[in-house]
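**Q** Please find start29.txt (compact mmCIF, C-alpha atoms) on the next line:
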# COMPACT_ATOMS: atom_id res chain seq x y z
CA MET Q 958 0.00 0.00 0.00
CA LYS Q 959 1.34 3.43 -0.97
CA LYS Q 960 1.99 5.98 1.74
CA SER Q 961 0.33 9.37 1.49
CA VAL Q 962 2.38 12.39 0.46
CA PHE Q 963 0.95 15.88 0.94
CA ILE Q 964 1.78 19.36 -0.33
CA ASN Q 965 1.79 21.34 2.92
CA GLY Q 966 3.26 24.62 1.71
CA ILE Q 967 4.05 26.43 -1.54
CA GLY Q 968 6.47 29.23 -2.40
CA ALA Q 969 7.26 30.72 -5.78
CA VAL Q 970 8.95 33.58 -7.61
CA THR Q 971 7.53 33.79 -11.13
CA THR Q 972 6.67 36.05 -14.04
CA GLN Q 973 3.42 36.68 -12.14
CA GLY Q 974 5.22 37.72 -8.96
CA VAL Q 975 5.47 35.70 -5.76
CA TRP Q 976 3.01 33.05 -4.57
CA ARG Q 977 -0.06 34.55 -2.89
CA THR Q 978 -3.81 34.05 -2.55
CA GLU Q 979 -4.52 36.48 -5.42
CA PHE Q 980 -1.89 34.87 -7.63
CA PHE Q 981 -4.21 33.76 -10.44
CA SER Q 982 -6.79 36.53 -10.19
CA GLU Q 983 -4.02 39.08 -10.80
CA ALA Q 984 -2.19 37.03 -13.46
CA ARG Q 985 -1.57 38.29 -16.99
CA VAL Q 986 -1.00 36.35 -20.21
CA LEU Q 987 2.60 36.42 -21.48
CA ASP Q 988 3.22 37.53 -25.05
CA HIS Q 989 6.97 38.25 -25.24
CA ALA Q 990 9.80 36.05 -26.50
CA ILE Q 991 11.56 36.12 -23.12
CA THR Q 992 10.02 37.22 -19.82
CA SER Q 993 11.98 37.61 -16.60
CA ALA Q 994 10.49 36.82 -13.21
CA GLU Q 995 9.24 39.68 -11.04
CA GLN Q 996 11.85 39.93 -8.32
CA PRO Q 997 10.67 40.47 -4.72
CA SER Q 998 12.62 42.31 -2.06
CA TYR Q 999 15.29 40.06 -0.58
CA LYS Q 1000 16.14 42.39 2.32
CA GLY Q 1001 15.96 40.63 5.67
CA LEU Q 1002 16.25 37.23 4.00
CA ILE Q 1003 19.69 37.50 2.41
CA SER Q 1004 22.54 39.74 3.61
CA PRO Q 1005 23.41 42.70 1.32
CA GLY Q 1006 26.89 41.31 0.73
CA ALA Q 1007 25.55 37.91 -0.32
CA ILE Q 1008 22.85 39.42 -2.56
CA ARG Q 1009 25.52 41.08 -4.73
CA ARG Q 1010 27.25 37.76 -5.34
CA MET Q 1011 24.13 35.70 -6.03
CA SER Q 1012 22.48 35.08 -9.40
CA ARG Q 1013 18.74 35.49 -9.81
CA GLY Q 1014 18.25 31.73 -9.65
CA MET Q 1015 19.84 31.48 -6.21
CA LYS Q 1016 17.91 34.44 -4.82
CA MET Q 1017 14.61 33.22 -6.25
CA GLY Q 1018 15.22 29.72 -4.91
CA ILE Q 1019 16.03 30.89 -1.38
CA TYR Q 1020 12.95 33.14 -1.30
CA ALA Q 1021 10.57 30.47 -2.63
CA ALA Q 1022 11.99 27.83 -0.29
CA GLN Q 1023 11.54 30.03 2.77
CA GLN Q 1024 8.00 30.91 1.69
CA ALA Q 1025 7.02 27.23 1.29
CA LEU Q 1026 8.51 26.23 4.65
CA ALA Q 1027 6.90 29.17 6.45
CA GLU Q 1028 3.46 28.25 5.11
CA ALA Q 1029 3.92 24.66 6.29
CA ALA Q 1030 5.35 25.79 9.64
CA VAL Q 1031 8.54 23.76 9.05
CA THR Q 1032 11.81 25.24 10.31
CA THR Q 1033 14.28 22.76 8.84
CA PRO Q 1034 13.30 20.00 6.40
CA ASP Q 1035 14.74 16.51 6.62
CA ALA Q 1036 15.88 16.68 2.98
CA ILE Q 1037 16.17 19.08 0.07
CA ILE Q 1038 15.51 17.83 -3.47
CA THR Q 1039 15.52 20.11 -6.50
CA GLY Q 1040 15.21 19.85 -10.27
CA THR Q 1041 16.73 22.18 -12.86
CA GLY Q 1042 17.34 22.01 -16.57
CA LEU Q 1043 20.12 24.56 -17.03
CA GLY Q 1044 21.11 25.29 -13.44
CA CYS Q 1045 22.72 28.63 -12.63
CA SER Q 1046 23.22 29.50 -16.29
CA GLU Q 1047 23.86 33.18 -15.50
CA ASP Q 1048 27.04 32.30 -13.60
CA SER Q 1049 27.99 29.78 -16.29
CA ASP Q 1050 27.77 32.59 -18.85
CA LYS Q 1051 29.89 34.87 -16.66
CA PHE Q 1052 32.60 32.26 -16.19
CA LEU Q 1053 32.82 31.34 -19.87
CA HIS Q 1054 32.84 35.01 -20.87
CA SER Q 1055 35.64 35.68 -18.40
CA LEU Q 1056 37.51 32.66 -19.72
CA TRP Q 1057 37.32 34.08 -23.24
CA GLU Q 1058 38.11 37.68 -22.36
CA ASN Q 1059 41.12 36.82 -20.17
CA ASP Q 1060 42.63 34.23 -22.47
CA GLU Q 1061 42.06 31.55 -19.83
CA GLN Q 1062 44.23 33.34 -17.26
CA PHE Q 1063 43.75 35.25 -13.98
CA LEU Q 1064 40.22 33.95 -13.43
CA THR Q 1065 38.30 34.32 -10.19
CA PRO Q 1066 36.63 31.08 -9.10
CA THR Q 1067 33.35 32.58 -7.81
CA SER Q 1068 31.34 32.29 -11.03
CA PHE Q 1069 32.61 28.76 -11.65
CA ILE Q 1070 31.76 27.62 -8.13
CA GLN Q 1071 28.27 29.12 -8.37
CA SER Q 1072 27.63 27.79 -11.89
CA THR Q 1073 27.11 24.18 -10.80
CA HIS Q 1074 23.55 22.85 -11.06
CA ASN Q 1075 23.28 22.02 -7.35
CA THR Q 1076 24.23 25.53 -6.19
CA VAL Q 1077 20.66 26.56 -5.34
CA ALA Q 1078 19.97 23.49 -3.20
CA ALA Q 1079 23.35 23.91 -1.48
CA GLN Q 1080 22.73 27.58 -0.69
CA ILE Q 1081 19.29 26.77 0.73
CA ALA Q 1082 20.84 24.05 2.91
CA LEU Q 1083 23.41 26.55 4.21
CA GLN Q 1084 20.67 29.08 4.96
CA LEU Q 1085 18.60 26.49 6.84
CA CYS Q 1086 21.52 24.60 8.43
CA CYS Q 1087 20.06 21.46 6.85
CA LYS Q 1088 22.57 18.59 6.85
CA GLY Q 1089 20.22 15.94 5.47
CA TYR Q 1090 19.79 14.34 2.05
CA ASN Q 1091 20.47 16.96 -0.66
CA VAL Q 1092 20.14 16.04 -4.34
CA THR Q 1093 19.61 18.01 -7.56
CA HIS Q 1094 18.15 16.25 -10.61
CA VAL Q 1095 19.13 17.49 -14.08
CA ASN Q 1096 17.00 15.75 -16.67
CA GLY Q 1097 15.81 18.21 -19.31
CA ALA Q 1098 12.12 19.08 -19.24
CA SER Q 1099 11.42 16.31 -16.70
CA SER Q 1100 13.98 17.56 -14.16
CA PHE Q 1101 11.29 18.64 -11.71
CA GLU Q 1102 9.33 15.39 -12.09
CA SER Q 1103 12.55 13.44 -11.45
CA ALA Q 1104 12.95 15.39 -8.21
CA LEU Q 1105 9.27 14.76 -7.40
CA LEU Q 1106 9.70 11.00 -7.91
CA ASP Q 1107 12.74 11.03 -5.62
CA THR Q 1108 10.68 12.90 -3.02
CA LEU Q 1109 7.82 10.40 -3.18
CA LEU Q 1110 10.22 7.48 -2.76
CA LEU Q 1111 12.02 9.12 0.15
CA LEU Q 1112 8.82 9.92 2.05
CA ALA Q 1113 7.36 6.48 1.29
CA SER Q 1114 10.45 4.83 2.76
CA GLY Q 1115 9.77 6.49 6.09
CA GLU Q 1116 13.30 7.95 6.26
CA CYS Q 1117 11.96 11.51 6.20
CA LYS Q 1118 8.81 13.25 7.39
CA ASN Q 1119 9.31 16.59 5.63
CA VAL Q 1120 11.04 17.22 2.31
CA LEU Q 1121 11.65 20.54 0.58
CA LEU Q 1122 11.02 19.97 -3.14
CA GLY Q 1123 11.81 22.60 -5.75
CA GLY Q 1124 12.33 23.48 -9.38
CA VAL Q 1125 14.50 26.43 -10.48
CA ASP Q 1126 15.63 27.83 -13.81
CA GLU Q 1127 16.81 31.32 -14.69
CA VAL Q 1128 17.15 33.45 -17.81
CA ALA Q 1129 20.78 34.01 -18.85
CA GLU Q 1130 21.41 36.43 -21.70
CA GLN Q 1131 24.01 34.46 -23.65
CA THR Q 1132 22.46 31.01 -23.18
CA TYR Q 1133 19.04 32.21 -24.27
CA ALA Q 1134 20.55 34.06 -27.23
CA PHE Q 1135 21.88 30.70 -28.43
CA LEU Q 1136 18.46 29.07 -27.94
CA GLN Q 1137 16.83 31.93 -29.79
CA ALA Q 1138 19.31 31.63 -32.68
CA ALA Q 1139 18.51 27.90 -32.87
CA GLY Q 1140 14.81 28.70 -33.26
CA TYR Q 1141 13.65 27.37 -29.88
CA ILE Q 1142 12.59 30.83 -28.71
CA LYS Q 1143 10.54 33.32 -30.70
CA GLU Q 1144 12.35 36.26 -32.24
CA ASP Q 1145 12.47 39.55 -30.39
CA GLY Q 1146 9.59 41.85 -31.26
CA ILE Q 1147 7.09 39.04 -31.88
CA GLN Q 1148 4.17 39.34 -29.49
CA GLU Q 1149 2.14 36.14 -29.55
CA THR Q 1150 0.42 34.21 -26.78
CA VAL Q 1151 0.24 30.43 -26.48
CA LYS Q 1152 -3.19 30.40 -28.11
CA ASN Q 1153 -2.52 32.77 -31.01
CA SER Q 1154 1.02 31.59 -31.81
CA VAL Q 1155 1.72 31.24 -35.54
CA SER Q 1156 5.50 31.77 -35.64
CA PRO Q 1157 8.27 29.25 -34.82
CA GLY Q 1158 9.55 29.02 -31.27
CA ILE Q 1159 7.95 29.56 -27.90
CA ASN Q 1160 7.78 32.16 -25.15
CA TYR Q 1161 10.55 31.45 -22.63
CA ALA Q 1162 10.75 32.57 -19.03
CA GLU Q 1163 12.20 31.68 -15.64
CA GLY Q 1164 11.03 30.91 -12.13
CA ALA Q 1165 11.52 29.14 -8.81
CA HIS Q 1166 8.81 26.95 -7.29
CA PHE Q 1167 9.15 25.13 -3.96
CA PHE Q 1168 6.88 22.75 -2.08
CA SER Q 1169 7.03 21.65 1.53
CA MET Q 1170 6.15 17.98 1.18
CA GLY Q 1171 5.08 15.91 4.17
CA ALA Q 1172 4.04 12.40 5.09
CA SER Q 1173 1.19 13.78 7.19
CA LYS Q 1174 -1.74 16.04 6.39
CA THR Q 1175 -1.75 19.38 8.20
CA ALA Q 1176 -4.02 22.41 8.46
CA SER Q 1177 -2.08 24.05 5.62
CA SER Q 1178 -2.22 21.07 3.21
CA TYR Q 1179 -3.16 21.78 -0.40
CA ALA Q 1180 -3.45 18.32 -1.93
CA GLU Q 1181 -2.16 14.76 -1.95
CA ILE Q 1182 0.22 13.56 -4.67
CA ILE Q 1183 -0.66 10.00 -5.59
CA ASP Q 1184 1.84 9.05 -8.29
CA THR Q 1185 4.05 10.21 -11.14
CA THR Q 1186 5.68 8.52 -14.12
CA LEU Q 1187 8.31 9.49 -16.69
CA GLN Q 1188 9.03 8.45 -20.26
CA ASN Q 1189 11.99 9.74 -22.27
CA GLU Q 1190 10.55 9.58 -25.79
CA LEU Q 1191 7.14 8.91 -27.32
CA GLU Q 1192 5.46 9.27 -30.67
CA VAL Q 1193 2.14 11.12 -30.75
CA SER Q 1194 0.43 7.80 -31.49
CA GLU Q 1195 1.89 6.28 -28.30
CA THR Q 1196 0.57 8.90 -25.87
CA THR Q 1197 -2.78 7.13 -25.44
CA SER Q 1198 -1.20 3.87 -24.29
CA PHE Q 1199 1.21 5.82 -22.06
CA LEU Q 1200 -1.75 7.50 -20.39
CA LYS Q 1201 -3.90 4.37 -20.09
CA ASP Q 1202 -1.06 2.37 -18.52
CA PHE Q 1203 -0.64 5.08 -15.88
CA LEU Q 1204 -4.36 5.20 -15.15
CA SER Q 1205 -4.52 1.42 -14.87
CA THR Q 1206 -1.59 1.37 -12.44
CA ASN Q 1207 -3.51 3.76 -10.18
CA ASP Q 1208 -6.90 2.00 -10.57
CA LEU Q 1209 -8.36 4.96 -12.44
CA ARG Q 1210 -10.73 5.31 -15.36
CA PRO Q 1211 -10.65 8.30 -17.71
CA ASP Q 1212 -14.01 9.42 -16.26
CA ASP Q 1213 -12.47 9.64 -12.78
CA LEU Q 1214 -10.41 12.71 -13.76
CA ASP Q 1215 -12.09 16.05 -13.16
CA ALA Q 1216 -9.41 18.04 -14.97
CA VAL Q 1217 -6.24 17.57 -16.97
CA ILE Q 1218 -3.60 20.31 -16.89
CA LEU Q 1219 -1.76 20.35 -20.21
CA GLY Q 1220 1.54 21.97 -21.12
CA TYR Q 1221 0.37 23.73 -24.30
CA ASN Q 1222 3.17 26.15 -25.24
CA GLY Q 1223 2.30 27.45 -28.70
CA ASP Q 1224 4.70 25.18 -30.61
CA GLU Q 1225 2.65 23.42 -33.32
CA GLN Q 1226 4.51 20.10 -33.07
CA ASP Q 1227 4.57 20.09 -29.28
CA ASP Q 1228 0.87 20.79 -29.00
CA LEU Q 1229 -0.01 17.67 -31.00
CA PHE Q 1230 0.88 15.58 -27.94
CA TYR Q 1231 -1.41 17.60 -25.70
CA SER Q 1232 -4.26 17.39 -28.18
CA ALA Q 1233 -3.90 13.60 -28.23
CA ILE Q 1234 -4.12 13.42 -24.42
CA GLN Q 1235 -7.08 15.79 -24.40
CA GLN Q 1236 -8.97 13.62 -26.89
CA THR Q 1237 -8.33 10.54 -24.74
CA LEU Q 1238 -9.86 12.29 -21.72
CA PRO Q 1239 -13.06 13.86 -23.09
CA SER Q 1240 -14.66 14.16 -19.64
CA GLY Q 1241 -11.64 15.83 -18.04
CA THR Q 1242 -11.78 19.63 -18.16
CA PRO Q 1243 -8.72 20.81 -20.16
CA LEU Q 1244 -6.65 23.49 -18.44
CA TYR Q 1245 -3.31 25.09 -19.34
CA TYR Q 1246 -0.66 27.22 -17.61
CA LYS Q 1247 2.36 28.04 -19.78
CA HIS Q 1248 0.65 31.20 -21.03
CA LEU Q 1249 1.21 32.38 -17.44
CA SER Q 1250 4.55 30.78 -16.55
CA GLY Q 1251 6.34 30.70 -19.89
CA GLN Q 1252 8.34 27.67 -21.04
CA PHE Q 1253 11.48 26.56 -19.21
CA ASP Q 1254 12.78 23.19 -18.12
CA SER Q 1255 11.26 23.16 -14.63
CA CYS Q 1256 8.06 25.07 -15.47
CA SER Q 1257 5.92 21.97 -14.80
CA ALA Q 1258 6.34 22.90 -11.13
CA PHE Q 1259 4.07 25.85 -11.91
CA GLY Q 1260 1.50 23.35 -13.19
CA LEU Q 1261 1.69 21.40 -9.93
CA ALA Q 1262 1.23 24.59 -7.91
CA ALA Q 1263 -1.82 25.42 -10.05
CA ALA Q 1264 -3.32 21.96 -9.45
CA ALA Q 1265 -2.73 22.30 -5.71
CA PHE Q 1266 -4.42 25.72 -5.72
CA ILE Q 1267 -7.50 24.34 -7.50
CA LEU Q 1268 -7.84 21.38 -5.15
CA LYS Q 1269 -7.39 23.43 -1.98
CA TYR Q 1270 -9.76 26.26 -2.89
CA GLN Q 1271 -12.09 24.14 -5.06
CA THR Q 1272 -12.15 26.68 -7.86
CA VAL Q 1273 -10.49 26.96 -11.26
CA PRO Q 1274 -9.12 30.40 -12.14
CA PRO Q 1275 -10.94 31.49 -15.34
CA ILE Q 1276 -7.59 32.36 -16.94
CA MET Q 1277 -6.60 28.66 -16.90
CA TYR Q 1278 -9.47 27.23 -18.97
CA TRP Q 1279 -8.37 25.99 -22.39
CA ASN Q 1280 -11.89 26.15 -23.83
CA GLU Q 1281 -13.94 29.33 -23.72
CA LYS Q 1282 -17.00 27.53 -22.36
CA ASN Q 1283 -16.36 26.62 -18.74
CA PRO Q 1284 -18.03 23.50 -17.27
CA ALA Q 1285 -20.52 23.88 -14.44
CA LYS Q 1286 -18.49 21.87 -11.90
CA THR Q 1287 -18.56 22.52 -8.18
CA THR Q 1288 -16.24 19.77 -6.95
CA TRP Q 1289 -12.65 19.12 -8.01
CA LYS Q 1290 -11.13 15.91 -6.69
CA ASN Q 1291 -8.74 14.29 -9.21
CA ILE Q 1292 -6.37 16.25 -11.45
CA LEU Q 1293 -3.81 14.90 -13.92
CA ILE Q 1294 -0.83 16.98 -15.12
CA TYR Q 1295 0.84 16.11 -18.43
CA ASN Q 1296 4.05 17.72 -19.68
CA GLN Q 1297 6.65 17.14 -22.38
CA TYR Q 1298 8.95 19.23 -24.57
CA LYS Q 1299 9.73 18.58 -28.22
CA GLY Q 1300 8.52 15.00 -28.01
CA LYS Q 1301 10.83 14.14 -25.13
CA ASP Q 1302 10.73 14.02 -21.34
CA HIS Q 1303 7.08 13.04 -20.99
CA SER Q 1304 5.62 13.04 -17.49
CA LEU Q 1305 2.28 12.42 -15.79
CA VAL Q 1306 1.49 13.55 -12.24
CA PHE Q 1307 -1.72 12.53 -10.46
CA VAL Q 1308 -2.91 14.87 -7.70
CA ARG Q 1309 -5.95 14.38 -5.47
CA ALA Q 1310 -7.86 16.59 -3.05
CA CYS Q 1311 -7.13 15.82 0.59
Let's see the structure in the file written out as structure tokens.

**A**
Amino acid sequence: MKKSVFINGIGAVTTQGVWRTEFFSEARVLDHAITSAEQPSYKGLISPGAIRRMSRGMKMGIYAAQQALAEAAVTTPDAIITGTGLGCSEDSDKFLHSLWENDEQFLTPTSFIQSTHNTVAAQIALQLCCKGYNVTHVNGASSFESALLDTLLLLASGECKNVLLGGVDEVAEQTYAFLQAAGYIKEDGIQETVKNSVSPGINYAEGAHFFSMGASKTASSYAEIIDTTLQNELEVSETTSFLKDFLSTNDLRPDDLDAVILGYNGDEQDDLFYSAIQQTLPSGTPLYYKHLSGQFDSCSAFGLAAAAFILKYQTVPPIMYWNEKNPAKTTWKNILIYNQYKGKDHSLVFVRAC
């Protein structure tokens, strides 16, 4: 029998600002090629000297982690598990630029030290004096789901009672210029949303999302995570069997799902996968979120936060409906989240009201 795992606290720094009750009611649809996260004030949380040395990813991660733990009333978690696609790419850019400019001589080590993918998790551990299990998963667009799977296994084993789970990625000028030149990101000056996209590429962004995960339900609990699964590559024609196998494993029928949160991102080829899943679940209300978060490797964490919000407050923000006609539902119990990027790194996450 599987052990229960609950989301007991959420923290985030996103393009829509920080996590708050009015998060979705005040949200706006993104329509720029690259959108940076709205930075909060870090005074009182990080010393002025440390702030100057930290990249946006580190600062966002520390803020979101503290916010999630505070909401769950947890001082120090038993473990810290994060997922990131590109890590602290801003510091990576700085180090490589310095390497080039100085002909590989007289280099300061700071940017190199802070460029490693596990820097955010390490900094959070230092801030919290957490000496427990600390792992960062780097697995493309399923980096966050890999961290989530690790979290579920750790809590199920009984080794930990509280785990800090997070996903962090930041915008770095040079790295994103390369991605834009390769056609992954829309060209500057193009203003298209996920729904009205007609040009190649997608709208990219950044963000940090953290969850205080616990083995016990508390007064602050949002939802219960039942299961997750990952698949590296699939053809569009294989998505139905991928979905049905997951539902069967969890003793679910398609009709049991009240909603399915899909990672539509405006890329014509990518969206074929989401359309296939949507057709397989005709009774599940289709929702989407990347028009609010933007696309980046760990953005599926935004989707999990959205699912948790819906299940806790029993309401779907109007801005998340994929179809213009909203269903007359009053109860939301089971939600499925599906994400992939360019036909790779497919993931399903099943979340239930608690």

**Q** Figure out the distance between CA of Leu1111 in chain Q and CA of Val1092 in chain Q, please, to one decimal in Å.

**A**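 Atom-to-atom, CA of Val1092 in chain Q and CA of Leu1111 in chain Q are spaced 11.6 Å apart.
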
**Q** Quick one: distance from CA of His1166 in chain Q to CA of Met1015 in chain Q in Å, one decimal?

**A**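 According to the coordinates, CA of His1166 in chain Q and CA of Met1015 in chain Q are separated by 12.0 Å.
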
**Q** Restricting the calculation to only C-alpha atoms, which member of Q:Ala1258, Q:Val1151, Q:Leu1238, Q:Cys1311 is positioned closest to Ser1100 in chain Q?

**A**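 The answer is Q:Ala1258, which sits nearest to Ser1100 in chain Q.
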
**Q** CA of Gly1241 in chain Q and CA of Asp1215 in chain Q are how many Å apart?

**A**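 These two atoms are separated by 4.9 Å.
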
**Q** Using all atoms listed in the file, which of the listed residues (Q:His1074, Q:Arg985, Q:Arg1309, Q:His1303) sits closest to Pro1275 in chain Q?

**A**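 Ranked by minimum distance to Pro1275 in chain Q, first place goes to Q:Arg985.
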
**Q** Using only C-alpha atoms, pick whichever of Q:Ile1294, Q:Ala1162, Q:Leu1191, Q:Leu1229 has the shortest atom-to-atom distance to Asp988 in chain Q.

**A** Q:Ala1162

**Q** Please determine, counting all atoms listed in the file, which residue among Q:Thr1242, Q:Ser1250, Q:Ser1304, Q:Thr1237 has the shortest atom-to-atom distance to Thr1185 in chain Q.

**A**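 Nearest candidate to Thr1185 in chain Q out of Q:Thr1242, Q:Ser1250, Q:Ser1304, Q:Thr1237: Q:Ser1304.
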
**Q** Given only C-alpha atoms as the basis, pick out the residue of Q:Ile1159, Q:Ala1098, Q:Val1273, Q:Ala1285 nearest to Gly1300 in chain Q.

**A** Q:Ala1098

**Q** Measuring atom to atom with only C-alpha atoms, identify which of Q:Tyr1295, Q:Tyr1278, Q:Phe963, Q:Tyr1141 is nearest to Leu1121 in chain Q.

**A**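 Ranking Q:Tyr1295, Q:Tyr1278, Q:Phe963, Q:Tyr1141 by distance to Leu1121 in chain Q, first place goes to Q:Phe963.
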
**Q** List the neighbours of Ala994 in chain Q out to 12 Å using only C-alpha atoms; skip same-chain residues closer than 6 positions along the sequence, and give me the result as a PDB file with C-alpha atoms, keeping the file's coordinate frame.

**A**
ATOM      1  CA  ALA Q 969       7.260  30.720  -5.780  1.00  0.00           C
ATOM      2  CA  VAL Q 970       8.950  33.580  -7.610  1.00  0.00           C
ATOM      3  CA  THR Q 971       7.530  33.790 -11.130  1.00  0.00           C
ATOM      4  CA  THR Q 972       6.670  36.050 -14.040  1.00  0.00           C
ATOM      5  CA  GLN Q 973       3.420  36.680 -12.140  1.00  0.00           C
ATOM      6  CA  GLY Q 974       5.220  37.720  -8.960  1.00  0.00           C
ATOM      7  CA  VAL Q 975       5.470  35.700  -5.760  1.00  0.00           C
ATOM      8  CA  LEU Q 987       2.600  36.420 -21.480  1.00  0.00           C
ATOM      9  CA  ARG Q1013      18.740  35.490  -9.810  1.00  0.00           C
ATOM     10  CA  GLY Q1014      18.250  31.730  -9.650  1.00  0.00           C
ATOM     11  CA  LYS Q1016      17.910  34.440  -4.820  1.00  0.00           C
ATOM     12  CA  MET Q1017      14.610  33.220  -6.250  1.00  0.00           C
ATOM     13  CA  GLY Q1018      15.220  29.720  -4.910  1.00  0.00           C
ATOM     14  CA  VAL Q1125      14.500  26.430 -10.480  1.00  0.00           C
ATOM     15  CA  ASP Q1126      15.630  27.830 -13.810  1.00  0.00           C
ATOM     16  CA  GLU Q1127      16.810  31.320 -14.690  1.00  0.00           C
ATOM     17  CA  VAL Q1128      17.150  33.450 -17.810  1.00  0.00           C
ATOM     18  CA  TYR Q1161      10.550  31.450 -22.630  1.00  0.00           C
ATOM     19  CA  ALA Q1162      10.750  32.570 -19.030  1.00  0.00           C
ATOM     20  CA  GLU Q1163      12.200  31.680 -15.640  1.00  0.00           C
ATOM     21  CA  GLY Q1164      11.030  30.910 -12.130  1.00  0.00           C
ATOM     22  CA  ALA Q1165      11.520  29.140  -8.810  1.00  0.00           C
ATOM     23  CA  HIS Q1166       8.810  26.950  -7.290  1.00  0.00           C
ATOM     24  CA  LEU Q1249       1.210  32.380 -17.440  1.00  0.00           C
ATOM     25  CA  SER Q1250       4.550  30.780 -16.550  1.00  0.00           C
ATOM     26  CA  GLY Q1251       6.340  30.700 -19.890  1.00  0.00           C
ATOM     27  CA  PHE Q1253      11.480  26.560 -19.210  1.00  0.00           C
TER      28      PHE Q1253
END

**Q** Identify the residues around (-6.4, 33.4, -8.6) within a radius of 10 Å, measuring from only C-alpha atoms in the coordinates stated by the file, and give them as a list in words.

**A**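 The distance filter leaves exactly Arg977, Thr978, Glu979, Phe980, Phe981, Ser982, Glu983, Ala984, Ala1263, Phe1266, Ile1267, Tyr1270, Thr1272, Val1273, Pro1274, Pro1275, Ile1276 and Met1277 of chain Q.
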
**Q** Counting all atoms listed in the file, which residues have an atom no more than 12 Å from (4.8, 31.3, -29.5) in the file's coordinates? Please list them as a short mmCIF file (atom, residue, chain, number, x, y, z; two decimals) with C-alpha atoms, in the frame of the given file.

**A**
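As written to disk, selection-v7.cif reads:
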data_model
loop_
_atom_site.label_atom_id
_atom_site.label_comp_id
_atom_site.auth_asym_id
_atom_site.auth_seq_id
_atom_site.Cartn_x
_atom_site.Cartn_y
_atom_site.Cartn_z
CA LEU Q 987 2.60 36.42 -21.48
CA ASP Q 988 3.22 37.53 -25.05
CA HIS Q 989 6.97 38.25 -25.24
CA ALA Q 990 9.80 36.05 -26.50
CA ILE Q 991 11.56 36.12 -23.12
CA GLY Q 1140 14.81 28.70 -33.26
CA TYR Q 1141 13.65 27.37 -29.88
CA ILE Q 1142 12.59 30.83 -28.71
CA LYS Q 1143 10.54 33.32 -30.70
CA GLU Q 1144 12.35 36.26 -32.24
CA ASP Q 1145 12.47 39.55 -30.39
CA GLY Q 1146 9.59 41.85 -31.26
CA ILE Q 1147 7.09 39.04 -31.88
CA GLN Q 1148 4.17 39.34 -29.49
CA GLU Q 1149 2.14 36.14 -29.55
CA THR Q 1150 0.42 34.21 -26.78
CA VAL Q 1151 0.24 30.43 -26.48
CA LYS Q 1152 -3.19 30.40 -28.11
CA ASN Q 1153 -2.52 32.77 -31.01
CA SER Q 1154 1.02 31.59 -31.81
CA VAL Q 1155 1.72 31.24 -35.54
CA SER Q 1156 5.50 31.77 -35.64
CA PRO Q 1157 8.27 29.25 -34.82
CA GLY Q 1158 9.55 29.02 -31.27
CA ILE Q 1159 7.95 29.56 -27.90
CA ASN Q 1160 7.78 32.16 -25.15
CA TYR Q 1161 10.55 31.45 -22.63
CA TYR Q 1221 0.37 23.73 -24.30
CA ASN Q 1222 3.17 26.15 -25.24
CA GLY Q 1223 2.30 27.45 -28.70
CA ASP Q 1224 4.70 25.18 -30.61
CA GLU Q 1225 2.65 23.42 -33.32
CA GLN Q 1226 4.51 20.10 -33.07
CA ASP Q 1227 4.57 20.09 -29.28
CA ASP Q 1228 0.87 20.79 -29.00
CA LYS Q 1247 2.36 28.04 -19.78
CA HIS Q 1248 0.65 31.20 -21.03
CA GLY Q 1251 6.34 30.70 -19.89
CA GLN Q 1252 8.34 27.67 -21.04
#

**Q** Near Ile1234 in chain Q, within 7 Å and counting all atoms listed in the file, which residues show up once chain neighbours fewer than 4 positions away are dropped, as a VMD selection string?

**A** chain Q and resid 1196 to 1197 1230 1238
